[in-house]
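Have a look at final_0.txt; it's compact mmCIF, C-alpha atoms:
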# COMPACT_ATOMS: atom_id res chain seq x y z
CA MET A 1 48.95 95.51 66.37
CA THR A 2 50.07 91.92 66.82
CA MET A 3 53.42 91.57 65.10
CA THR A 4 55.79 88.69 64.38
CA GLU A 5 59.23 88.16 62.88
CA ALA A 6 57.60 88.62 59.46
CA ASN A 7 57.04 92.26 60.52
CA GLY A 8 60.58 92.65 61.88
CA ILE A 9 59.68 92.00 65.53
CA LYS A 10 61.51 89.41 67.57
CA PRO A 11 59.06 87.87 70.08
CA LYS A 12 60.19 87.11 73.61
CA ALA A 13 61.31 83.53 74.32
CA GLY A 14 58.35 81.16 74.15
CA ASP A 15 56.09 83.64 72.32
CA SER A 16 55.19 83.66 68.64
CA SER A 17 54.21 87.35 68.49
CA ARG A 18 54.15 90.65 70.38
CA ASP A 19 51.58 93.41 70.55
CA LYS A 20 53.11 96.73 69.51
CA TYR A 21 52.00 100.28 68.87
CA PHE A 22 52.62 100.78 65.13
CA ILE A 23 52.97 104.24 63.58
CA VAL A 24 52.21 104.21 59.84
CA LEU A 25 54.62 106.47 57.94
CA GLY A 26 54.10 105.39 54.34
CA PHE A 27 53.04 102.61 52.00
CA ASP A 28 54.49 100.94 48.97
CA SER A 29 53.28 101.90 45.50
CA ASN A 30 51.56 98.55 45.03
CA GLY A 31 49.55 98.85 48.25
CA LEU A 32 51.05 95.57 49.44
CA ALA A 33 52.68 96.86 52.62
CA TYR A 34 52.71 99.77 55.02
CA GLY A 35 56.01 101.04 56.39
CA GLY A 36 56.26 102.37 59.88
CA VAL A 37 57.90 102.28 63.24
CA ILE A 38 56.96 100.79 66.58
CA ILE A 39 56.82 102.16 70.09
CA ASN A 40 58.67 100.31 72.84
CA SER A 41 58.36 100.87 76.55
CA GLN A 42 62.15 100.61 76.90
CA ILE A 43 65.21 100.68 74.68
CA ASN A 44 66.65 97.20 74.20
CA ARG A 45 69.70 97.19 76.45
CA ASN A 46 71.42 94.68 74.15
CA LEU A 47 71.53 97.14 71.24
CA PRO A 48 74.87 98.71 70.41
CA ALA A 49 75.15 102.30 71.70
CA HIS A 50 75.27 103.72 68.17
CA LEU A 51 71.75 102.34 67.53
CA LYS A 52 70.25 103.28 70.90
CA MET A 53 70.46 106.92 69.87
CA TYR A 54 67.83 106.25 67.16
CA HIS A 55 65.10 105.76 69.77
CA MET A 56 63.02 108.91 70.14
CA PRO A 57 61.42 109.53 73.54
CA ILE A 58 57.64 109.94 73.50
CA LYS A 59 55.62 111.15 76.48
CA GLN A 60 52.45 109.59 77.84
CA SER A 61 51.33 113.07 78.89
CA LYS A 62 51.22 114.09 75.19
CA TYR A 63 49.79 110.80 73.92
CA PRO A 64 47.26 109.42 76.44
CA PHE A 65 46.92 106.12 74.56
CA LEU A 66 50.39 105.24 75.91
CA ARG A 67 50.51 103.53 79.29
CA TYR A 68 53.80 105.23 80.18
CA ASP A 69 56.63 107.27 78.69
CA SER A 70 58.11 105.22 75.87
CA PHE A 71 60.47 105.27 72.87
CA VAL A 72 59.82 105.27 69.12
CA ASP A 73 62.20 102.77 67.50
CA CYS A 74 63.60 104.66 64.51
CA VAL A 75 66.42 102.18 63.79
CA ARG A 76 64.66 100.43 60.90
CA LEU A 77 61.26 100.57 59.24
CA LYS A 78 58.91 97.71 59.99
CA ALA A 79 56.47 96.42 57.38
CA ALA A 80 52.83 95.61 58.05
CA PHE A 81 50.58 94.05 55.48
CA PRO A 82 47.01 95.21 54.76
CA GLN A 83 45.42 92.12 56.32
CA LYS A 84 47.05 93.11 59.64
CA PHE A 85 44.89 96.21 59.66
CA ASN A 86 41.80 94.01 60.00
CA GLU A 87 43.11 92.95 63.43
CA TRP A 88 44.35 96.25 64.87
CA ASN A 89 42.83 98.85 67.14
CA TYR A 90 43.14 102.52 66.24
CA LEU A 91 44.32 104.34 69.38
CA GLY A 92 45.29 107.82 68.21
CA GLU A 93 47.57 109.93 66.08
CA ILE A 94 51.09 111.22 66.41
CA ASP A 95 51.18 114.95 65.74
CA GLU A 96 52.79 116.28 62.57
CA TYR A 97 55.80 117.74 64.39
CA ASP A 98 56.68 114.38 65.96
CA VAL A 99 56.04 112.51 62.68
CA GLU A 100 58.58 114.78 60.97
CA LEU A 101 61.11 114.11 63.77
CA ILE A 102 60.51 110.36 63.46
CA ILE A 103 60.96 110.41 59.68
CA GLY A 104 64.09 112.54 59.97
CA THR A 105 65.54 110.18 62.57
CA ILE A 106 64.88 107.03 60.56
CA LYS A 107 66.40 108.63 57.46
CA GLU A 108 69.61 109.15 59.46
CA SER A 109 69.72 105.61 60.84
CA PRO A 110 72.72 103.58 59.65
CA ALA A 111 70.52 100.46 59.71
CA GLU A 112 68.03 101.81 57.15
CA SER A 113 68.56 101.89 53.40
CA GLU A 114 67.58 104.44 50.78
CA GLU A 115 65.86 101.60 48.89
CA ARG A 116 63.54 100.73 51.81
CA LEU A 117 62.82 104.39 52.54
CA SER A 118 61.96 104.92 48.90
CA ARG A 119 59.76 101.78 48.84
CA PHE A 120 57.48 103.42 51.42
CA GLY A 121 57.60 106.90 49.89
CA LEU A 122 60.05 108.32 52.42
Could you express the structure from this file as structure tokens?
Amino acid sequence: MTMTEANGIKPKAGDSSRDKYFIVLGFDSNGLAYGGVIINSQINRNLPAHLKMYHMPIKQSKYPFLRYDSFVDCVRLKAAFPQKFNEWNYLGEIDEYDVELIIGTIKESPAESEERLSRFGL
């Protein structure tokens, strides 16, 4: 999915957006936004150490849609709006076990709030 700062993604210098794998975890009660997390190929080395630990490793061998072993960013939920789903490509599913780990990790993140988790039914 192509994401911008409006979705909580900071594009690289000179870019206005970035393509990211987006894992839908929930949606708000009004149907105005989906809450989820993104997959990064690497953990941002500029993050403080206490936030790096909220990046869950994910293996390409388990999820063939990945190009390489990556990390699920469970620091903070990202929001995607329904119109974004007109532009995305469905690539696969994360199994239930890993979804539960992802949700548990994001619930523990010091950067996420109970209010935002509740907004998306988490």
**Report entry** Polymer residues at most 12 Å from Asp28 in chain A, only C-alpha atoms, same-chain spacing of 3 or more positions, as a ChimeraX atom specification
**Finding:** /A:24-25,31-36,79-82,115-122
Those same residues, written as a short mmCIF file (atom, residue, chain, number, x, y, z; two decimals), keeping the file's coordinate frame with C-alpha atoms?
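Heads up, here's the output in selection14.cif:
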data_model
loop_
_atom_site.label_atom_id
_atom_site.label_comp_id
_atom_site.auth_asym_id
_atom_site.auth_seq_id
_atom_site.Cartn_x
_atom_site.Cartn_y
_atom_site.Cartn_z
CA VAL A 24 52.21 104.21 59.84
CA LEU A 25 54.62 106.47 57.94
CA GLY A 31 49.55 98.85 48.25
CA LEU A 32 51.05 95.57 49.44
CA ALA A 33 52.68 96.86 52.62
CA TYR A 34 52.71 99.77 55.02
CA GLY A 35 56.01 101.04 56.39
CA GLY A 36 56.26 102.37 59.88
CA ALA A 79 56.47 96.42 57.38
CA ALA A 80 52.83 95.61 58.05
CA PHE A 81 50.58 94.05 55.48
CA PRO A 82 47.01 95.21 54.76
CA GLU A 115 65.86 101.60 48.89
CA ARG A 116 63.54 100.73 51.81
CA LEU A 117 62.82 104.39 52.54
CA SER A 118 61.96 104.92 48.90
CA ARG A 119 59.76 101.78 48.84
CA PHE A 120 57.48 103.42 51.42
CA GLY A 121 57.60 106.90 49.89
CA LEU A 122 60.05 108.32 52.42
#
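Of the residues under consideration (A:Arg67, A:Lys62, A:Met53, A:Asn44), A:Asn44 shows the shortest atom-to-atom contact distance to Lys12 in chain A when counting all atoms listed in the file.
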Query - Distance criterion (only C-alpha atoms): nearest to Leu51 in chain A out of A:Ile94, A:Cys74, A:Ile103, A:Met1 - result: A:Cys74
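Reported to one decimal place, the separation of CA of Glu96 in chain A from CA of Ala6 in chain A is 28.2 Å.
Between Phe27 in chain A and the residues A:Ile58, A:Met3, A:Val72, A:Leu77, the shortest atom-to-atom distance, using all atoms listed in the file, involves A:Leu77.
Pairwise distance (CA of Asn46 in chain A, CA of Trp88 in chain A) equals 28.7 Å.
Taking CA of Phe22 in chain A and CA of Val37 in chain A as the two end points, the separation is 5.8 Å.
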Step by step, gather every atom of range 105-111 of chain A that the file lists, find the box along x, y and z that holds them, add 8 Å on each side, and finally give centre and edge lengths in Å to one decimal, as JSON.
{"center_x": 68.8, "center_y": 105.3, "center_z": 60.0, "size_x": 23.8, "size_y": 25.7, "size_z": 21.1}
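Those residues positioned at most 10 Å from (42.5, 99.5, 69.1) are Met1, Tyr21, Phe65, Glu87, Trp88, Asn89, Tyr90, Leu91 and Gly92 of chain A, judged using only C-alpha atoms.
Minimum distance to Ile102 in chain A across A:Gln60, A:Glu114, A:Ile38, A:Lys52 (counting all atoms listed in the file) occurs at A:Ile38.
Ranking A:His50, A:Pro57, A:Ser41, A:Tyr68 by their shortest atom-to-atom distance to Pro110 in chain A, with only C-alpha atoms included, puts A:His50 first.
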